[in-house]
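What follows is a single structure, written as structure tokens, with notes after it.
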Amino acid sequence: MNYFELLAVIVILCDVALCAASRLRAMIRAAAVQGAALGLLAFIKPVTWEIVLLSAATIAIKAVLFPWLLNIAREKSKADEPAPYVGYNFSFAICAAMFGVSVWLSHRLDVATTLMAGAFFTVLAGFFVIVSRKSAFSQAIGYLVLEGGVYAFGMAMPNEAPALVELGLLLDVFMAVFIMGIMVYHISREFEHADMAKIAFLSDLEDYD
Amino acid sequence: MALFATALLALTISAALSLVFSKKPAWSAFAGAGGNVLAAALGLAALAFAGAKPHLNLPWAVPGGQLHIALDPLSAVFLAPMFVLCACGALYGVSYGGLNRRTGTGFLLYNLLTASMAVVFTARNAMLFLAAWEIMALCSFLLVVTDYENPETRNAGWVYLVATHIGTAFIIALFALAWHKCGSTEFADFPKAFAALPFAAVALLSVTGFGAKAGFFPFHVWLPKAHPAAPSHVSAVMSGIMIKTGIYGIIRMISFCPPPPFWFGGLLASIGIISGVGGVLFALAQRDIKRSLAYSSVENIGIIALGLGMGWMGAASGRTDIAFIGFAGALLHVINHAFFKGLLFFGAGAVYHATGIRDMDRLGGLRRFMPVTALTFLAGSAAIAALPPFNGFISEFLIYSGAFKAVIAGRGAGFGGLAVILGLSLTGGLAAACFTRVFGIIFLGEPRAKLAVEHGEPPLMVGPMVALSALCLFMGLAPQFAARLVTEPALMLSGAPYADLPSRLQPVGLLGCAVVLLSLALWFFRKRLLAGRAVASAPTWGCGYSAPAASMQYTASSFAQPLVDFFGIGTAKKIEEPHGLFPSHAMFRSETPDIAKSRFYRPLFENIEQRMSSLRVIQHGNIHAYILYIAAALVALLVWTLK
């Protein structure tokens, strides 16, 4: 098992931890570790200074900056539960099913590496966290992880994906999570909670319920 | 082509500038209106000095798209009135809209609307055409809802947006079919594609798709909603020229087809008769000036369709002379209608600007307060009622003369010609009644309600009206110039020239001159007769009423009542009759809802809504579930492509 396989396994394990975590702090930590692993994964490509930049930026943003910001916001809003729709045990079962689907998908793509399966799994896990947890924080974390999956996909492709694209994606997610963070902060200040399920009453659809 | 491209550039730059200066309304009005007038000058110069085959073809990043525009005689017929009317509207809009926080965005949208129409009329690539078409629809929608605080305006905008996109859907279907057949989005390749497609499909898709924009009768419902809601210079541009993009689209698409069969001409002529008579009847029944003008646009679109229908009927039965006259008449009416309808909307806007009232039953006697508006409105009314010496007479004369030729020729075309004559004369007669009513009720008599005439006649509003009425008169007296403009496209459509159209039309213009001279002579005669005699003005004979009041005058509703009742177009009346010897309270109220809306669209859409309401369960406002839908769709697509 080489060095990159190990990183891919770490990415996958972080996804599992994310889906099973019952504390926001744990989710943020899992996302941070995954961010660091993804940053190091950049060296799977031939090393150019762009790749070094990409790796450094990924680690700085995903492993340090976002977790730090999210932790501050979490402490301000005094929320520490992802408030799931589905229980943690059932989440674990879904996690296993998603991993199965990911492995199958990577086989169909003829790039049956651990990393490719991990990439699909990370995207699905991100979606799952967004969908199944009520807290607005888990939405932001889920989006972050989802983007990490897209990034891992780029790394897993055998041909050379331009590092510029990856940097662009990083910028994109940076903006998105930044805006989400501000929004969550304001929402939690106005409504004393950040439960997305309850915020649906802001919708202008008259008869949504 | 460089001139034309510069005109487009001037429009977009001035649009951006007016937005940038939106904190300083005077600057943005100057930039917007100035840019539009400059673009009009450049555009008209481009039309006048167009080279042999002016076109511009640049690569475009959009898949299948090319920035390919070209000027040809058919485009010129639409572009020339467009530039004139848009420039007049821009100047008029400065005074009409006033200088406020909406000036900047107003001119941004107005100039973008102008630019997008210019591209629609010149695009030679389906993607570019659709992009310009959509920008045009969105800009005009946003302009319609300028007064968005008013719920009625928002509703009007909504109806317009839905109507225009239903039309666009058909156009996209047409282009997609063509692309499927020839694998290209260039208009130059469309003839190949249309030759391989059944003609009926192309014809029906373009008549429905472009007809929704043009306002053919069953598709016209957005016009009487959007035109009263929009600012008047926008209504003028939308009604004068934007709806003609539909006519342009039909002509352009059919010109890519093999020669159309006889039934297509018959179809267009029938649509023309229905739109013409239906439009003018509803125009007669309306109390809102601008709604009445909007219905009258449906009528005029009907007249244009009538001319086109006659053209294609003539072409199909081998009579290129009838075809030529029909097409020439229709295209001439496109130009004429742009001018006189723009003029009338400007006049209606001036009335609204001065009084704040659009309900004709409350207006009256405005000639004394607004003499220039009254005079120009009278000119516009005479033009739209096709009376010499104005331009409306010329185009309808052409269509009549073609129809008479068809009747003399007999056979299939003869029947068509007869129908055209009957439809057109009914339409024309009713239009004369309609505009007698509009002009008479607004400008003559006494005010029917308390009127506060405020702003008077600002020069920037009067100027465009005078210019347009002068243009209407000039085109009526000297039709040969406009005739020169339509000769070539009519030739292209009919295949063979009939005769030298400009010189044939000159005597018709002389007839107009004779009318002018005769009126002048009569006026001088009257002056001479009255010279040296005492002239006193006094109230007219009061029918024996001892205390005549303004409310005893004919109102717009009572003037139209005999005709409206005769045709039975579903006017709803609410009457509380006076009772007893000393009746105290009585009231009368009439309203004419649109037949197409109340009998066709409302049941249709209500039915659809009922059927679709069961789908509401998936739209419940829960963000998590919405994201789940996206995720599920993505995973399903992945599994589907990789399985």
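Naming works like this for the structure tokens: A, B, ... for the chains as they're shown, residue 1 at the start of each chain, ligands 1 onward in shown order.
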Contact residues around segment 141-143 of chain A with only C-alpha atoms at 10 Å, ignoring same-chain residues under 3 positions, as an MDAnalysis selection string: chainID A and resid 18:19 24 27:28 30:32 66:67 70 122:131 133 136:138 146:149 173 176:177 180
Which residues of chain B sit at most 10 Å from chain A, using only C-alpha atoms? Give each one's shortest atom pair and distance in Å (one decimal place), in chain and ascending residue order, as a Markdown table.
```
| residue | atom | partner | partner_atom | distance |
| --- | --- | --- | --- | --- |
| B:Arg616 | CA | A:Tyr208 | CA | 8.1 |
| B:Val617 | CA | A:Tyr208 | CA | 8.1 |
| B:Ile618 | CA | A:Tyr208 | CA | 9.3 |
| B:Gln619 | CA | A:Tyr208 | CA | 6.7 |
| B:His620 | CA | A:Tyr208 | CA | 4.1 |
| B:Gly621 | CA | A:Tyr208 | CA | 5.5 |
| B:Asn622 | CA | A:Ala200 | CA | 5.9 |
| B:Ile623 | CA | A:Ala200 | CA | 7.2 |
| B:His624 | CA | A:Val131 | CA | 4.6 |
| B:Ala625 | CA | A:Val131 | CA | 6.6 |
| B:Tyr626 | CA | A:Val131 | CA | 8.4 |
| B:Ile627 | CA | A:Val131 | CA | 6.2 |
| B:Leu628 | CA | A:Val131 | CA | 5.7 |
| B:Tyr629 | CA | A:Val131 | CA | 9.4 |
| B:Ile630 | CA | A:Phe127 | CA | 9.2 |
| B:Ala631 | CA | A:Phe127 | CA | 6.4 |
| B:Ala632 | CA | A:Phe127 | CA | 9.4 |
| B:Leu634 | CA | A:Leu124 | CA | 9.9 |
| B:Val635 | CA | A:Leu124 | CA | 8.4 |
| B:Leu638 | CA | A:Leu105 | CA | 8.1 |
| B:Val639 | CA | A:Leu105 | CA | 7.2 |
| B:Thr641 | CA | A:Arg108 | CA | 9.6 |
| B:Leu642 | CA | A:Arg108 | CA | 5.9 |
| B:Lys643 | CA | A:Arg108 | CA | 7.0 |
```
Residues as selected, C-alpha atoms, written as a PDB file, in the first residue's frame, can you do that?
```
ATOM      1  CA  ARG B 616     -47.486  20.247  -5.495  1.00  0.00           C
ATOM      2  CA  VAL B 617     -46.533  17.643  -2.919  1.00  0.00           C
ATOM      3  CA  ILE B 618     -42.967  17.604  -4.177  1.00  0.00           C
ATOM      4  CA  GLN B 619     -42.753  21.382  -3.826  1.00  0.00           C
ATOM      5  CA  HIS B 620     -43.160  21.910  -0.104  1.00  0.00           C
ATOM      6  CA  GLY B 621     -40.448  24.413   0.750  1.00  0.00           C
ATOM      7  CA  ASN B 622     -38.124  21.992   2.503  1.00  0.00           C
ATOM      8  CA  ILE B 623     -34.579  22.802   1.414  1.00  0.00           C
ATOM      9  CA  HIS B 624     -33.225  19.373   2.360  1.00  0.00           C
ATOM     10  CA  ALA B 625     -35.707  17.632   0.160  1.00  0.00           C
ATOM     11  CA  TYR B 626     -34.882  19.940  -2.763  1.00  0.00           C
ATOM     12  CA  ILE B 627     -31.208  19.075  -2.436  1.00  0.00           C
ATOM     13  CA  LEU B 628     -32.161  15.435  -2.187  1.00  0.00           C
ATOM     14  CA  TYR B 629     -33.969  15.736  -5.535  1.00  0.00           C
ATOM     15  CA  ILE B 630     -30.827  17.176  -7.109  1.00  0.00           C
ATOM     16  CA  ALA B 631     -28.617  14.496  -5.592  1.00  0.00           C
ATOM     17  CA  ALA B 632     -30.976  11.716  -6.613  1.00  0.00           C
ATOM     18  CA  LEU B 634     -27.375  13.302 -10.386  1.00  0.00           C
ATOM     19  CA  VAL B 635     -26.818   9.783  -9.063  1.00  0.00           C
ATOM     20  CA  LEU B 638     -24.486   8.770 -13.342  1.00  0.00           C
ATOM     21  CA  VAL B 639     -25.793   5.243 -12.947  1.00  0.00           C
ATOM     22  CA  THR B 641     -24.689   6.671 -18.234  1.00  0.00           C
ATOM     23  CA  LEU B 642     -22.270   4.225 -16.625  1.00  0.00           C
ATOM     24  CA  LYS B 643     -24.434   1.120 -16.504  1.00  0.00           C
TER      25      LYS B 643
END
```
Backbone DSSP call of alpha helix (DSSP H) for segment 27-201 of chain A, listed as a PyMOL selection string: chain A and resi 27-41+49-58+66-77+88-108+114-132+136-156+163-191+196-199
Shell around segment 94-96 of chain A at 8 Å using only C-alpha atoms, local window under 3 positions removed, as a VMD selection string: chain A and resid 16 19 90 to 91 99 to 100 125
Pairwise distance for atom CA of Lys574 of chain B and atom CA of Gly349 of chain B, rounded to one decimal in Å: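 Value for the atom CA of Lys574 of chain B-atom CA of Gly349 of chain B distance: 29.4 Å.
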Separation of atom CA of Val221 of chain B from atom CA of Ile595 of chain B in Å: 9.3 Å
